[in-house]
Amino acid sequence: MTTVSDIPDVPGTEAPAAAPDDVRELLPVATAARTRAALRVLVRPDRARALLGTGVLAAATAIGLLVQPLLGRIVDIVADGRPASALTLPVVLLALVAVAQGGTTAIGLTQVARFGETVLARLREQFVQRALQLPADRLERAGSGDLTARITGDVARVAEAVRSALPEMTRSVLTILLTLGAMALLDLRFLLAALLAVPVQLLTARWYVGRAVSLYADQRVANGAQQQQLLETIGGAVTVRGHQLERQHTERNAERSRSAVGLTMRSVSLVLGFYQRLHIAEYIGLAAVLVTGYLLVDDGAVSVGTATAAALYFHSLFGPVNAALVLLDDAQSAAAGLARLVGVTEPREDETAGPKAAPVQRRHTETTVTATAAVTVDAVSHAYGSAAPVLHQVSLTLDKGEHVALVGSSGAGKSTLARLVAGVQQPTEGSVAAGDGGTASVALVTQEVHVFTGSLADDLRLVRPEATDAELRTALDAVHALEWAEALPDGLATVVGQGGHRLDPARAQQLALARLVLADPEVAVLDEATAEAGSAGARELERSAEAALAGRTALVVAHRLTQAAAADRIIVLESGRIVESGSHDELRDADGPYATLWRAWSGSRPGSHP
């Protein structure tokens with residue numbers, strides 16, 4: 001089923017209220033094995049570039065290792081009392097080495113950076129794609145703060161690691177390996193002396209990693225909880241003030257802030273202990289190399305220049321070794337963030353297994369599958385998480401071109417059924433098919449439409465990027481919005497959305513309906529799409545909605561019963577079950593639930609339909 005949707009940020013009235021913190025089910029975090037597997041998939045298309053960058057950096061490192069022997073040669077020349085002209089060749093070679101190393105390093109780092117940015121872009125695309133596909137009830141249970149923390153903080157940490165840590169780590173590891181090899185070529189005893197620092201460094205790395213993994217994971221969760229609390233407090237500021245809950249919400253924000261700050265201070269202490277241990281390793285290694293050099297020179301096994309080169313080699317390892325170990329900090333932080341991102345980008349098994357098979361028993365026999373069916377809902381039940389079902393064995397069929405209205409009291413299941421038909425969510429039980437084989441395009445327009453930042457034309461082209469200005473005007477004219485659109489300061493080029501020209505709720509809804517016309521789906525679902533307008537704009541919006549639905553199959557969650565009265569058929573829902581089905585006249589004369597609703601509604605509105 002193809003879906004082109006104006007999807008609200010949260011489920012409709014049938015979904016349970018936002019979960020309290022103690023029962024909130026955060027979005028999944030991938031295991032280490034799953035994260036590594038996802039990383040391999042992300043990297044695979046760009047392996048050639050990664051290998052090229054690594055190879056060039058290896059060549060640059062090898063060239064740079066010529067510096068120490070050349071400096072050692074200069075020491076020997078001076079120690080032997082040779083003329084100044086003997087220094088010309090090593091000095092010239094040092095200059096050439098500097099130029100060659102600088103050029104190859106720039107090329108290698110560029111290739112590694114391009115590799116990292118490409119992989120990062122792929123990860124972002126997958127994250128956004130998957131986030132848009134998450135069931136609305138799943139986001140409701142997790143809370144928007146968790147998703148916000150992942151798409152901001154976690155993405156930023158992974159991006160920082162890719163841009164800074166990845167190139168530096170690559171160069172540092174190559175430098176360490178090649179430098180140790182060069183020390184062995186000078187004299188194997190220099191290498192053995194240098195390796196005395198390794199046990200301390202390995203113990204330091206083990207000590208750090210064993211504490212950092214869980215600490216950074218807890219820190220990410222605490223930051224997500226803090227953002228969630230801030231979003232709830234700011235988003236519900238009017239309600240908080242109205243019920244005089246400022247103190248309670250301030251205390252909750254302070255508590256979550258203290259938790260986040262406490263974990264941050266623990267991470268700072270961890271890093272300080274990490275550096276202290278690294279310095280001890282440096283002193284042990286350098287002292288061992290210097291003592292070894294002294295003994296070898298005293299024994300006549302090596303020259304002073306060679307011992308100098310060995311000491312310079314080990315000293316040059318301070319930066320790369322410390323960088324590699326310190327980058328464990330960035331790596332652990334990035335790994336924790338990557339696991340949270342992969343947890344969203346990779347569907348869980350229970351989300352890929354598909355809806356459960358419907359039981360054989362049918363509690364309603366509305367469905368009659370025919371060749372003219374545009375939408376078939378077969379024995380559908382649905383529940384949000386572990387809450388009680390909001391739909392119970394609902395079956396119905398919409399014929400091609402038929403307009404069906406859903407009515408019922410709040411919580412009857414109308415919005416849930418609309419989202420299931422639109423394909424925004426999958427039913428817990430049963431099946432929903434649009435068109436022959438479920439291939440029909442479906443568009444959903446809700447009362448909570450979003451005006452995207454950009455020009456009005458760009459906002460409309462979200463559903464049809466190739467649409468011409470003439471087609472945009474035709475769509476706006478169809479929903480009676482062309483007049484006000486052309487009256488904007490810059491017409492269709494007027495910037496709307498955040499920071500731009502503000503559109504009132506009625507005009508924003510007309511914009512969404514114009515997008516519906518441009519998308520031209522076979523099936524349209526309107527979930528109280530005229531509810532946001534006041535009474536003055538209600539009739540105009542109903543005219544716009546009627547025009548947008550012309551010539552297509554439609555399922556309308558009716559906020560006003562005038563919409564239901566104009567539909568070909570009306571479905572009445574109560575407690576998640578279909579209790580009535582028929583035309584307006586049939587149901588009004590049947591003196592059932594719809595007739596009761598109609599009398600209550602029309603009695604309070606003069607001039608309503610008979």
# chains A, B, ... in the order shown; residues from 1 in each chain; ligands from 1
>>> residues_around(residues="Glu117 (chain A)", least_positions_apart="4", cutoff="9 Å", atoms="only C-alpha atoms", output="list in words")
Val112, Ala113, Ala121, Arg122, Ala159, Val162 and Arg163 of chain A
>>> select_by_dssp(residues="region 299-478 of chain A", states="helix (DSSP H, G or I)", output="number ranges by chain")
A: 304-316, 318-345, 349-352, 414-422, 436-438, 456-460, 469-478
>>> residues_around(residues="Ala554 (chain A)", least_positions_apart="4", cutoff="7 Å", atoms="only C-alpha atoms", output="number ranges by chain")
A: 402-404, 523-525, 549
>>> write_last_selection(atoms="all heavy atoms", output="short mmCIF file (atom, residue, chain, number, x, y, z; two decimals), in the first residue's frame")
data_model
loop_
_atom_site.label_atom_id
_atom_site.label_comp_id
_atom_site.auth_asym_id
_atom_site.auth_seq_id
_atom_site.Cartn_x
_atom_site.Cartn_y
_atom_site.Cartn_z
N GLU A 402 -16.85 5.41 -3.56
CA GLU A 402 -17.81 5.58 -2.47
C GLU A 402 -17.21 6.47 -1.38
O GLU A 402 -16.02 6.35 -1.05
CB GLU A 402 -18.18 4.22 -1.89
CG GLU A 402 -19.25 4.29 -0.80
CD GLU A 402 -19.57 2.93 -0.20
OE1 GLU A 402 -18.71 2.02 -0.31
OE2 GLU A 402 -20.66 2.78 0.36
N HIS A 403 -18.05 7.33 -0.81
CA HIS A 403 -17.66 8.16 0.32
C HIS A 403 -18.35 7.62 1.56
O HIS A 403 -19.57 7.59 1.64
CB HIS A 403 -18.06 9.61 0.09
CG HIS A 403 -17.27 10.29 -0.97
ND1 HIS A 403 -17.37 11.64 -1.26
CD2 HIS A 403 -16.33 9.81 -1.84
CE1 HIS A 403 -16.54 11.95 -2.25
NE2 HIS A 403 -15.91 10.85 -2.62
N VAL A 404 -17.53 7.19 2.54
CA VAL A 404 -18.05 6.60 3.77
C VAL A 404 -17.62 7.46 4.94
O VAL A 404 -16.45 7.84 5.06
CB VAL A 404 -17.52 5.16 3.96
CG1 VAL A 404 -17.98 4.59 5.30
CG2 VAL A 404 -18.00 4.27 2.82
N VAL A 523 -7.47 6.40 -2.95
CA VAL A 523 -8.25 6.39 -1.71
C VAL A 523 -7.76 7.53 -0.83
O VAL A 523 -6.56 7.71 -0.64
CB VAL A 523 -8.11 5.05 -0.96
CG1 VAL A 523 -8.93 5.07 0.32
CG2 VAL A 523 -8.53 3.89 -1.85
N ALA A 524 -8.71 8.32 -0.29
CA ALA A 524 -8.38 9.41 0.61
C ALA A 524 -9.01 9.15 1.97
O ALA A 524 -10.16 8.69 2.05
CB ALA A 524 -8.85 10.75 0.05
N VAL A 525 -8.26 9.42 3.01
CA VAL A 525 -8.76 9.27 4.38
C VAL A 525 -8.63 10.63 5.06
O VAL A 525 -7.54 11.19 5.14
CB VAL A 525 -7.96 8.21 5.17
CG1 VAL A 525 -8.49 8.10 6.59
CG2 VAL A 525 -8.03 6.86 4.47
N LEU A 549 -12.16 15.45 -2.45
CA LEU A 549 -12.53 14.04 -2.48
C LEU A 549 -13.27 13.65 -3.76
O LEU A 549 -13.52 12.45 -3.98
CB LEU A 549 -13.43 13.71 -1.28
CG LEU A 549 -12.79 13.88 0.10
CD1 LEU A 549 -13.80 13.55 1.19
CD2 LEU A 549 -11.56 13.02 0.24
#
>>> residues_around(residues="region 293-304 of chain A", least_positions_apart="4", cutoff="7 Å", atoms="only C-alpha atoms", output="list in words")
Asp76, Val289 and Thr308 of chain A
>>> write_last_selection(atoms="all heavy atoms", output="tab-separated table (two decimals), in the first residue's frame")
chain	number	residue	atom	x	y	z
A	76	ASP	N	75.09	12.03	14.35
A	76	ASP	CA	76.36	11.33	14.14
A	76	ASP	C	77.39	12.22	13.43
A	76	ASP	O	78.59	12.18	13.74
A	76	ASP	CB	76.12	10.06	13.31
A	76	ASP	CG	75.51	8.95	14.14
A	76	ASP	OD1	75.66	8.96	15.38
A	76	ASP	OD2	74.85	8.05	13.55
A	289	VAL	N	63.65	2.99	27.04
A	289	VAL	CA	64.34	3.20	25.76
A	289	VAL	C	65.65	3.97	25.98
A	289	VAL	O	66.70	3.65	25.39
A	289	VAL	CB	63.43	3.94	24.77
A	289	VAL	CG1	64.21	4.37	23.53
A	289	VAL	CG2	62.26	3.05	24.36
A	308	THR	N	69.66	8.06	19.45
A	308	THR	CA	68.82	9.27	19.38
A	308	THR	C	67.57	9.01	18.54
A	308	THR	O	66.45	9.40	18.90
A	308	THR	CB	69.62	10.44	18.78
A	308	THR	OG1	70.77	10.67	19.57
A	308	THR	CG2	68.77	11.69	18.70
>>> residues_around(residues="Ala310 (chain A)", least_positions_apart="2", cutoff="9 Å", atoms="only C-alpha atoms", output="number ranges by chain")
A: 68-69, 72, 182-183, 186-187, 190-191, 289-290, 293, 305-308, 312-315
>>> residues_around(residues="Val119 (chain A)", least_positions_apart="6", cutoff="10 Å", atoms="only C-alpha atoms", output="list in words")
Leu39, Val41, Leu42, Val43, Arg44, Pro45, Asp46, Ala113, Glu125, Ala159 and Val162 of chain A
>>> atom_distance(atom1="CA of Val29 (chain A)", atom2="CA of Ala388 (chain A)")
26.6 Å
>>> closest_residue(among="A:Leu174, A:Val158, A:Leu109, A:Leu93", to="Ala58 (chain A)", atoms="only C-alpha atoms")
A:Leu174
>>> closest_residue(among="A:Leu526, A:Leu561, A:Leu65, A:Ala260", to="Gln447 (chain A)", atoms="only C-alpha atoms")
A:Leu526
>>> closest_residue(among="A:Gln126, A:Thr416, A:Ser164, A:Gln101", to="Ala38 (chain A)", atoms="only C-alpha atoms")
A:Gln126
>>> closest_residue(among="A:Ala412, A:Ala564, A:Ala512, A:Leu492", to="Arg577 (chain A)", atoms="only C-alpha atoms")
A:Ala412
>>> closest_residue(among="A:His382, A:Arg461, A:Arg543, A:Arg49", to="Asp477 (chain A)", atoms="only C-alpha atoms")
A:Arg543
>>> closest_residue(among="A:Val268, A:Val200, A:Val209, A:Ala309", to="Leu185 (chain A)", atoms="only C-alpha atoms")
A:Ala309
